[in-house]
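Note sheet for the following structure.
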Amino acid sequence: MRHHEGGLPDRLARAGVTVREAEVLWAVAERLRNREIAERLHVSVRTVESHIAALLRKLDAPDRAALAETGARLRRSARAGAALPAPLTSLVGRAEETSELLALLGSHRLVTLIGPGGVGKTRLALHVAESAGAESARATALADRFPGGVRMADLAPVEPESVGDTFARALGVVPEPGWPLRDIMREVAAVSGCLLLADNCEHVVAEAAEIVADLLGAGGALRVLATSREPLGIPGEVAYQVRALPLPAPDASERAESIAPYDAVRLFVDRAAAASPGFALTDAVAPAVAALCRRLDGLPLAIELAASRLRTFGPVELVEHLDRRFELLSAGARTAPPRHRALRSTIDWSYRLLDDGERALFERLGVFPADFDLAAIESACGGEDLGGEAVITLLPRLVDKSLVSTAGRGTGRYRLLETIRAYAAQRLAGSGGEPATRGRHAAHYLAFAEQAAERLRTSEQRVWLDRMTTEQPNLHAALAHAISTGDVESAWRMIAALQRFWDVTGRRRDAHRWVRQALAVADPPATPAVVAGLTEACLILDSRDARAAFDLARKAASQAAGLDGLTRARAARAVGTSATWIRPELVAPALREALAGFGDEHPWDSALTMQELAITTADLDRALQWGRDSAAFFRRAGDQICAANALYVMAQRAMSAGVADDEVQEWLGESHALAEAAGSEADMAHASVGFAQLAWLRGDHDRAAELMTECLPTLRRLGDRRCTGRALHMLGQRAYEKQEPARAEELLRASVEAVALAGQSFVLVSAIETLAAVYAAQRRPRSAAVLLGTAHRVREAAGAHMRPRRPPDQELRHALVRVLGARPFDSAHTRGERLSPAAALRLMPLDEPPLLTTP
């Protein structure tokens with residue numbers, strides 16, 4: 001099922017269903033009651049009833065049960081279709097293979113399509129995946145077998161170190177530095193029930209095999225359909241050899257009606273008719289068509305390339321030219337498999353038939369790791385020999401000759417098939433023009449990234465996030481080029497431009513890796529562009545290594561000392577932000593310095609600084625005013641993501657002070673609505689966490705735990721340590737209240753582990769102190785005393801705004817002193833003060849005999 005631009009399936013869009021009505025429909029499909037839907041979407045029950053009435057009318061459903069079934073079917077097909085690229089040409093033949101593969105997927109968890117490049121593995125796999133997720137009577141059973149839909153991990157442009165991240169994104173998992181990505185992927189795989197298409201594994205086969213084995217080992221209903229030039233080598237794998245298309249036998253009749261049923265001939269005729277309208281298979285051309293298909297060994301890619309030549313040559317001439325090319329190119333290729341020789345020879349032949357301009361453009365297109373648009377072609381592939389007008393003239397000719405493909409109907413984007421791209425890249429490297437082309441490619445995408453970074457601050461942010469996501473392989477290739485060539489300033493400019501994209505879309509592992517690589521190149525020069533990059537890198541590092549972020553911020557401040565006021569203000573803000581967990585006394589002065597430096601000339605930067613002040617200002621009223629001011633600006637600018645975050649920060653500050661009034665609920669509701677409009681899953685999850693905290697403060701602990709349980713898998717999948725720690729803390733507290741000490745210990749330990757990495761003192765202190773109470777209840781008083789010491793250390797090191805509102809539990813302390821004695825308690829408490837939270841967890845629980853009485 002296709003989707004329109006707003007993300008709704010076509011049937012819903014045509015029926016006039018709104019995004020909010022679609023959300024209600026999905027909830028009805030989950031068999032939720034109206035009250036549950038209202039609570040999930042934070043609307044009234046009456047509003048839900050109104051939406052359901054509208055859906056019944058618009059979708060012509062007789063009752064709620066039929067509406068639920070319609071929703072389940074549409075969402076299932078929507079999930080399946082959204083993840084797969086839409087083929088632009090029909091699949092010719094492969095009916096028997098499709099049936100066999102669908103049957104194999106029914107009884108085996110891993111099926112790998114193997115075969116040489118150009119044999120059609122990817123096209124067949126896509127067709128099988130579409131059939132598995134199709135909304136049709138024939139495929140209903142398969143669609144039901146994959147309730148999680150069909151997901152695709154395209155490994156063609158991926159380096160070995162990024163294979164895990166690519167699989168994670170296919171499963172909807174956001175990679176986060178320092179977190180066990182494999183564990184979270186296994187959790188998601190165990191419950192997703194999806195068909196995972198892992199395409200083009202051959203160049204990363206070891207890494208892909210390890211991850212696929214891990215995912216399948218998690219159990220559940222996950223199935224994997226892979227394509228590779230060799231098997232993955234995993235126990236239980238079914239290696240399915242994709243063979244060339246059936247060919248007429250050499251001694252068979254070569255009349256048109258005799259050869260027409262063969263799939264190789266059918267493919268040639270289909271593509272030939274598209275290339276040269278009016279072409280028909282007649283007895284006169286049938287022998288040449290049969291010979292051509294045999295010469296090309298039935299390889300689909302080779303046949304399609306040859307068919308594209310019918311604009312220039314007739315079938316008989318094609319065979320003659322191909323024969324000569326095979327003779328010329330046979331030397332040096334005798335050890336290659338015949339099908340590889342056929343493919344290479346066909347591409348060689350197509351290349352040699354190009355004129356000089358076409359060859360130059362084709363070679364330079366090999367610089368693109370993924371698809372690209374016309375503006376990028378003109379920038380990266382132009383030069384003294386190829387101006388913009390020449391590119392516009394030459395590109396359609398390469399498309400006509402099937403060397404360049406369009407990436408989708410109406411997208412204005414182009415691509416090279418992976419086999420052809422590798423060939424073009426080899427030609428480019430051999431031509432001597434690679435350095436200049438890669439330099440132009442990098443310059444184009446640096447300019448694009450900097451333009452996009454500005455647009456992300458406006459009401460166009462969702463469009464530009466999508467554009468940056470599409471261009472990610474090219475953006476990363478440009479950054480890699482800057483680093484590999486030692487262009488330090490361009491590297492830091494690119495990091496500065498990409499930081500917010502990385503953060504909003506959950507690409508923090510990518511960001512971390514790029515920052516580390518840039519830091520390893522050379523000591524960066526003191527320029528405004530470099531300082532901007534360093535300050536943005538502080539935000540990247542802060543989520544994992546607060547000390548490294550603070551040190552980098554001080555380096556940026558040192559370099560900015562002799563530069564312009566804007567650069568100094570950016571460096572000051574970096575110091576203020578990163579000092580939160582390291583030197584809290586520096587936070588307020590640095591942020592105020594930054595705010596003064598930005599002034600009225602840089603309102604977005606000022607608003608972002610106000611947001612930091614809302615987080616770090618100890619006085620609640622003043623903190624909330626900073627938040628209101630920043631949210632108001634972001635609303636006016638159309639920056640929905642920052643506005644949503646500012647409102648969430650305000651709600652957090654209020655709730656941390658014990659305020660749980662209707663205004664807090666309104667802030668959270670607006671934050672959720674803005675995040676929803678921006679398509680920010682992370683900010684929607686944050687608002688959900690806020691609603692759970694609000695319920696807890698209002699005394700409804702069961703409802704709070706229910707909300708946190710619902711959003712915890714999403715938080716873990718998104719790699720959000722801080723909110724994950726909050727959720728685990730609340731669930732641990734609830735387990736302790738319900739006198740489930742083993743469960744409480746498990747949850748609270750996990751909370752401390754998550755929050756200790758992310759840096760969030762008020763949750764960290766509360767989690768450690770509650771864990772101490774759990775150990776006391778388990779009659780392990782020395783363990784409890786050590787943890788109280790660690791909690792005391794964290795509490796005292798935190799700034800005033802980061803300390804829990806609730807004071808330490810003096811009753812617990814006195815009880816432990818009574819059980820242990822004052823001196824042993826002080827000894828254990830002092831020991832804990834010397835331990836970091838992570839070190840304390842490694843010791844817990846201490847090896848102490850459980851006491852017979854509880855403190």
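Labels for the structure tokens follow display order: chains A, B, ..., residues from 1 in each chain, ligands from 1.
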
**Study point:** Ala631 (chain A) environment, 9 Å, only C-alpha atoms, sequence neighbours closer than 6 positions dropped, as a PyMOL selection string
**Key:** chain A and resi 607+611+642-647

**Study point:** Exercise: region 683-689 of chain A partners within 7 Å, only C-alpha atoms, chain neighbours under 3 positions left out, as a list of chain:residue names
**Key:**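 Contacts, in chain order: A:Ala644, A:Asn645, A:Tyr648, A:Leu668, A:Ser671, A:His672, A:Ala675, A:Glu676, A:Ser680, A:Ala692, A:Gln693, A:Met708, A:Cys711, A:Leu715.
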
Review point. So which residues touch Arg516 (chain A) within 12 Å, counting only C-alpha atoms, skipping near sequence neighbours fewer than 5 positions away, as a list of chain:residue names?
Key: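 What passes the distance filter is A:Ile483, A:Ala491, A:Trp492, A:Ile495, A:Arg509, A:Asp510, A:Ala511, A:Val521, A:Ala522, A:Leu534, A:Ala537, A:Cys538, A:Ile540, A:Leu541, A:Ala548, A:Ala549, A:Leu552.
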
Quick one: write out the picked residues with N, CA, C and O atoms as a PDB file, in the first residue's frame?
```pdb
ATOM      1  N   ILE A 483      37.947  14.419   6.739  1.00  0.00           N
ATOM      2  CA  ILE A 483      38.826  13.834   7.755  1.00  0.00           C
ATOM      3  C   ILE A 483      40.013  13.127   7.097  1.00  0.00           C
ATOM      4  O   ILE A 483      41.161  13.281   7.522  1.00  0.00           O
ATOM      5  N   ALA A 491      35.870  19.593   8.321  1.00  0.00           N
ATOM      6  CA  ALA A 491      35.337  18.528   9.166  1.00  0.00           C
ATOM      7  C   ALA A 491      34.546  19.103  10.335  1.00  0.00           C
ATOM      8  O   ALA A 491      33.423  18.651  10.637  1.00  0.00           O
ATOM      9  N   TRP A 492      35.084  20.130  11.000  1.00  0.00           N
ATOM     10  CA  TRP A 492      34.377  20.711  12.140  1.00  0.00           C
ATOM     11  C   TRP A 492      33.169  21.521  11.694  1.00  0.00           C
ATOM     12  O   TRP A 492      32.144  21.576  12.413  1.00  0.00           O
ATOM     13  N   ILE A 495      30.542  18.859  11.263  1.00  0.00           N
ATOM     14  CA  ILE A 495      30.056  18.373  12.560  1.00  0.00           C
ATOM     15  C   ILE A 495      29.105  19.389  13.178  1.00  0.00           C
ATOM     16  O   ILE A 495      28.049  19.021  13.727  1.00  0.00           O
ATOM     17  N   ARG A 509      25.407   7.550  18.100  1.00  0.00           N
ATOM     18  CA  ARG A 509      26.593   6.701  17.922  1.00  0.00           C
ATOM     19  C   ARG A 509      27.401   7.158  16.714  1.00  0.00           C
ATOM     20  O   ARG A 509      28.635   7.213  16.753  1.00  0.00           O
ATOM     21  N   ASP A 510      26.703   7.470  15.625  1.00  0.00           N
ATOM     22  CA  ASP A 510      27.389   8.028  14.452  1.00  0.00           C
ATOM     23  C   ASP A 510      28.139   9.295  14.848  1.00  0.00           C
ATOM     24  O   ASP A 510      29.314   9.484  14.512  1.00  0.00           O
ATOM     25  N   ALA A 511      27.441  10.179  15.573  1.00  0.00           N
ATOM     26  CA  ALA A 511      28.032  11.455  15.954  1.00  0.00           C
ATOM     27  C   ALA A 511      29.276  11.255  16.810  1.00  0.00           C
ATOM     28  O   ALA A 511      30.306  11.905  16.598  1.00  0.00           O
ATOM     29  N   VAL A 521      42.531  13.736  14.039  1.00  0.00           N
ATOM     30  CA  VAL A 521      43.228  14.156  12.826  1.00  0.00           C
ATOM     31  C   VAL A 521      44.383  15.092  13.146  1.00  0.00           C
ATOM     32  O   VAL A 521      45.540  14.849  12.797  1.00  0.00           O
ATOM     33  N   ALA A 522      44.071  16.189  13.794  1.00  0.00           N
ATOM     34  CA  ALA A 522      45.089  17.206  14.095  1.00  0.00           C
ATOM     35  C   ALA A 522      44.491  18.190  15.076  1.00  0.00           C
ATOM     36  O   ALA A 522      43.276  18.256  15.257  1.00  0.00           O
ATOM     37  N   LEU A 534      33.453  22.549  17.676  1.00  0.00           N
ATOM     38  CA  LEU A 534      33.815  22.044  19.002  1.00  0.00           C
ATOM     39  C   LEU A 534      32.668  22.211  19.989  1.00  0.00           C
ATOM     40  O   LEU A 534      32.409  21.327  20.820  1.00  0.00           O
ATOM     41  N   ALA A 537      30.155  19.633  19.284  1.00  0.00           N
ATOM     42  CA  ALA A 537      30.681  18.329  19.692  1.00  0.00           C
ATOM     43  C   ALA A 537      30.524  18.114  21.189  1.00  0.00           C
ATOM     44  O   ALA A 537      30.362  16.978  21.644  1.00  0.00           O
ATOM     45  N   CYS A 538      30.556  19.197  21.978  1.00  0.00           N
ATOM     46  CA  CYS A 538      30.330  19.076  23.425  1.00  0.00           C
ATOM     47  C   CYS A 538      28.962  18.458  23.702  1.00  0.00           C
ATOM     48  O   CYS A 538      28.813  17.617  24.594  1.00  0.00           O
ATOM     49  N   ILE A 540      27.366  16.468  21.768  1.00  0.00           N
ATOM     50  CA  ILE A 540      27.428  15.070  21.355  1.00  0.00           C
ATOM     51  C   ILE A 540      28.076  14.228  22.444  1.00  0.00           C
ATOM     52  O   ILE A 540      27.586  13.143  22.799  1.00  0.00           O
ATOM     53  N   LEU A 541      29.169  14.702  22.996  1.00  0.00           N
ATOM     54  CA  LEU A 541      29.903  13.928  23.996  1.00  0.00           C
ATOM     55  C   LEU A 541      29.199  13.916  25.339  1.00  0.00           C
ATOM     56  O   LEU A 541      29.355  12.976  26.120  1.00  0.00           O
ATOM     57  N   ALA A 548      34.697  14.604  29.208  1.00  0.00           N
ATOM     58  CA  ALA A 548      35.259  14.902  27.891  1.00  0.00           C
ATOM     59  C   ALA A 548      34.556  16.104  27.269  1.00  0.00           C
ATOM     60  O   ALA A 548      35.194  16.951  26.633  1.00  0.00           O
ATOM     61  N   ALA A 549      33.237  16.201  27.458  1.00  0.00           N
ATOM     62  CA  ALA A 549      32.494  17.335  26.911  1.00  0.00           C
ATOM     63  C   ALA A 549      32.952  18.637  27.561  1.00  0.00           C
ATOM     64  O   ALA A 549      33.145  19.653  26.885  1.00  0.00           O
ATOM     65  N   LEU A 552      36.379  19.658  26.326  1.00  0.00           N
ATOM     66  CA  LEU A 552      36.305  20.182  24.963  1.00  0.00           C
ATOM     67  C   LEU A 552      35.709  21.588  24.962  1.00  0.00           C
ATOM     68  O   LEU A 552      36.142  22.457  24.185  1.00  0.00           O
TER      69      LEU A 552
END
```

So that each row is one residue of region 468-515 of chain A with an atom at most 12 Å from region 449-464 of chain A, can you give its shortest atom pair and the distance in Å to one decimal, using only C-alpha atoms, rows by chain and rising number, as a tab-separated table?
```
residue	atom	partner	partner_atom	distance
A:Met468	CA	A:Trp464	CA	6.0
A:Thr469	CA	A:Trp464	CA	8.4
A:Thr470	CA	A:Trp464	CA	9.6
A:Glu471	CA	A:Ala449	CA	9.4
A:Gln472	CA	A:Ala449	CA	9.9
A:Asn474	CA	A:Ala449	CA	10.3
A:Leu475	CA	A:Ala449	CA	7.4
A:His476	CA	A:Ala449	CA	10.5
A:Ala478	CA	A:Ala449	CA	10.1
A:Leu479	CA	A:Ala449	CA	10.5
A:Ser490	CA	A:Glu450	CA	11.1
A:Ala491	CA	A:Ala449	CA	11.7
A:Trp492	CA	A:Glu450	CA	11.5
A:Arg493	CA	A:Glu450	CA	8.0
A:Met494	CA	A:Ala449	CA	6.9
A:Ile495	CA	A:Ala449	CA	9.3
A:Ala496	CA	A:Glu450	CA	8.3
A:Ala497	CA	A:Glu450	CA	5.1
A:Leu498	CA	A:Ala449	CA	6.6
A:Gln499	CA	A:Ala453	CA	8.6
A:Arg500	CA	A:Ala453	CA	7.4
A:Phe501	CA	A:Ala453	CA	7.7
A:Trp502	CA	A:Ala453	CA	11.0
A:Asp503	CA	A:Leu456	CA	11.9
A:Val504	CA	A:Leu456	CA	10.1
A:Thr505	CA	A:Arg462	CA	11.0
```

Exercise for review: Name the residues in contact with Leu232 (chain A) at a cut-off of 8 Å, using only C-alpha atoms, excluding same-chain residues fewer than 6 positions from it; report them as a list in words.
Suggested key: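 Once the nearby chain positions are removed, what remains is Thr112, Val205, Ala206, Ala208 and Ala209 of chain A.
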
Point to revise | Option closest in space to Leu812 (chain A), from A:Ala447, A:Ala569, A:Ala773, A:Val488 [counting only C-alpha atoms] | key: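 Of all the options, A:Ala773 lies closest to Leu812 (chain A).
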
Non-local contacts of region 154-167 of chain A (10 Å; only C-alpha atoms; under 6 positions in same chain excluded) as a PDB file with C-alpha atoms, in the first residue's frame:
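The resulting out-v5.pdb:
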```pdb
ATOM      1  CA  LEU A  84      10.559  -1.016   1.059  1.00  0.00           C
ATOM      2  CA  THR A 122      17.652  -7.802  -4.601  1.00  0.00           C
ATOM      3  CA  VAL A 173      16.263   0.969  17.493  1.00  0.00           C
ATOM      4  CA  VAL A 174      18.235   4.194  17.953  1.00  0.00           C
ATOM      5  CA  PRO A 175      21.928   3.399  18.573  1.00  0.00           C
ATOM      6  CA  GLU A 176      23.289   5.183  21.631  1.00  0.00           C
ATOM      7  CA  LEU A 181      22.910  -2.058  21.378  1.00  0.00           C
ATOM      8  CA  ARG A 182      22.846  -5.821  20.836  1.00  0.00           C
ATOM      9  CA  MET A 185      18.052  -5.153  19.381  1.00  0.00           C
ATOM     10  CA  LEU A 196      13.727  -8.371   8.065  1.00  0.00           C
ATOM     11  CA  LEU A 197      15.236  -7.984   4.597  1.00  0.00           C
ATOM     12  CA  ALA A 198      19.038  -7.729   4.855  1.00  0.00           C
ATOM     13  CA  ASP A 199      20.186  -6.690   1.389  1.00  0.00           C
ATOM     14  CA  ASN A 200      23.719  -6.734  -0.094  1.00  0.00           C
ATOM     15  CA  CYS A 201      25.536  -8.551   2.721  1.00  0.00           C
ATOM     16  CA  GLU A 202      28.530  -9.766   0.720  1.00  0.00           C
ATOM     17  CA  HIS A 203      31.040  -7.016   1.583  1.00  0.00           C
ATOM     18  CA  VAL A 204      30.193  -7.163   5.302  1.00  0.00           C
ATOM     19  CA  VAL A 205      29.261 -10.813   5.517  1.00  0.00           C
ATOM     20  CA  ALA A 206      31.037 -11.536   8.816  1.00  0.00           C
ATOM     21  CA  GLU A 207      29.464  -8.577  10.612  1.00  0.00           C
ATOM     22  CA  ALA A 208      26.028  -9.225   9.121  1.00  0.00           C
ATOM     23  CA  GLU A 210      27.053 -12.152  13.643  1.00  0.00           C
ATOM     24  CA  ILE A 211      24.154  -9.736  14.070  1.00  0.00           C
ATOM     25  CA  VAL A 212      21.592 -11.888  12.274  1.00  0.00           C
ATOM     26  CA  LEU A 215      18.728 -11.475  16.469  1.00  0.00           C
ATOM     27  CA  THR A 227      20.827 -11.384  -0.163  1.00  0.00           C
ATOM     28  CA  PHE A 368      27.983   8.955  -4.784  1.00  0.00           C
ATOM     29  CA  PRO A 369      27.560   6.192  -2.174  1.00  0.00           C
ATOM     30  CA  ALA A 370      23.765   6.299  -2.503  1.00  0.00           C
ATOM     31  CA  LEU A 417      22.795  -0.049  -9.173  1.00  0.00           C
ATOM     32  CA  GLU A 418      25.483  -1.244  -6.779  1.00  0.00           C
ATOM     33  CA  THR A 419      27.284  -3.314  -9.397  1.00  0.00           C
ATOM     34  CA  PRO A 473      25.175   8.565   3.138  1.00  0.00           C
ATOM     35  CA  ASN A 474      26.372  11.512   1.054  1.00  0.00           C
ATOM     36  CA  ALA A 477      30.919  10.531   2.751  1.00  0.00           C
ATOM     37  CA  ARG A 507      22.198   9.075  15.449  1.00  0.00           C
ATOM     38  CA  ARG A 509      26.593   6.701  17.922  1.00  0.00           C
ATOM     39  CA  ASP A 510      27.389   8.028  14.452  1.00  0.00           C
ATOM     40  CA  ARG A 513      32.392   8.194  16.113  1.00  0.00           C
TER      41      ARG A 513
END
```

**Study point:** Who sits within 9 Å of Val391 (chain A), only C-alpha atoms, same chain under 4 positions skipped, as a PyMOL selection string
**Key:** chain A and resi 357-358+361+374+377-378+381-382+386-387+395-396

Point to revise | Pick from A:Pro180, A:Pro287, A:Gly118, A:Gly149, whichever lies nearest to Arg223 (chain A) using only C-alpha atoms | key: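 Distance minimum relative to Arg223 (chain A) lands on A:Gly149.
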
Check your understanding: In terms of the shortest atom-to-atom distance over only C-alpha atoms, which of A:Asp720, A:Glu237, A:Asp639, A:Glu130 is closest to Leu110 (chain A)?
Key ->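 The closest residue to Leu110 (chain A) is A:Glu237.
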
Practice item. Calculate how many Å separate CA of Ala302 (chain A) from CA of Gly93 (chain A), rounding to one decimal. Key: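 Spanning CA of Ala302 (chain A) to CA of Gly93 (chain A) is a straight-line distance of 15.8 Å.
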
Check your understanding: So what do you get for CA of Ala526 (chain A) versus CA of Thr485 (chain A), distance-wise?
Key ->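 CA of Thr485 (chain A) lies 19.0 Å from CA of Ala526 (chain A).
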
Review point. DSSP says strand (DSSP E or B) for which residues of region 320-532 of chain A? Put them as a ChimeraX atom specification?
Key: /A:372-373,405-406,413-415

Would you mind exporting N, CA, C and O atoms of the selected residues as a PDB file, in the first residue's frame?
```pdb
ATOM      1  N   PHE A 372      21.062  10.394  -5.370  1.00  0.00           N
ATOM      2  CA  PHE A 372      21.483  11.798  -5.431  1.00  0.00           C
ATOM      3  C   PHE A 372      20.509  12.569  -6.301  1.00  0.00           C
ATOM      4  O   PHE A 372      19.703  11.974  -7.035  1.00  0.00           O
ATOM      5  N   ASP A 373      20.560  13.900  -6.200  1.00  0.00           N
ATOM      6  CA  ASP A 373      19.678  14.722  -7.027  1.00  0.00           C
ATOM      7  C   ASP A 373      20.488  15.496  -8.076  1.00  0.00           C
ATOM      8  O   ASP A 373      21.718  15.428  -8.104  1.00  0.00           O
ATOM      9  N   SER A 405      19.624   4.993 -12.948  1.00  0.00           N
ATOM     10  CA  SER A 405      18.203   4.742 -12.704  1.00  0.00           C
ATOM     11  C   SER A 405      17.608   5.908 -11.944  1.00  0.00           C
ATOM     12  O   SER A 405      18.303   6.610 -11.210  1.00  0.00           O
ATOM     13  N   THR A 406      16.314   6.112 -12.121  1.00  0.00           N
ATOM     14  CA  THR A 406      15.619   7.054 -11.254  1.00  0.00           C
ATOM     15  C   THR A 406      15.300   6.339  -9.954  1.00  0.00           C
ATOM     16  O   THR A 406      14.993   5.148  -9.945  1.00  0.00           O
ATOM     17  N   ARG A 413      15.305  12.170  -8.015  1.00  0.00           N
ATOM     18  CA  ARG A 413      16.567  11.593  -7.541  1.00  0.00           C
ATOM     19  C   ARG A 413      16.980  10.431  -8.445  1.00  0.00           C
ATOM     20  O   ARG A 413      16.139   9.800  -9.097  1.00  0.00           O
ATOM     21  N   TYR A 414      18.281  10.168  -8.442  1.00  0.00           N
ATOM     22  CA  TYR A 414      18.864   9.174  -9.330  1.00  0.00           C
ATOM     23  C   TYR A 414      19.783   8.258  -8.532  1.00  0.00           C
ATOM     24  O   TYR A 414      20.226   8.593  -7.430  1.00  0.00           O
ATOM     25  N   ARG A 415      20.085   7.113  -9.111  1.00  0.00           N
ATOM     26  CA  ARG A 415      20.978   6.178  -8.435  1.00  0.00           C
ATOM     27  C   ARG A 415      21.646   5.286  -9.467  1.00  0.00           C
ATOM     28  O   ARG A 415      21.180   5.167 -10.616  1.00  0.00           O
TER      29      ARG A 415
END
```

Practice item. To one decimal in Å, tell me the separation between CA of Leu225 (chain A) and CA of Val128 (chain A). Key: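 So the answer is 9.0 Å.
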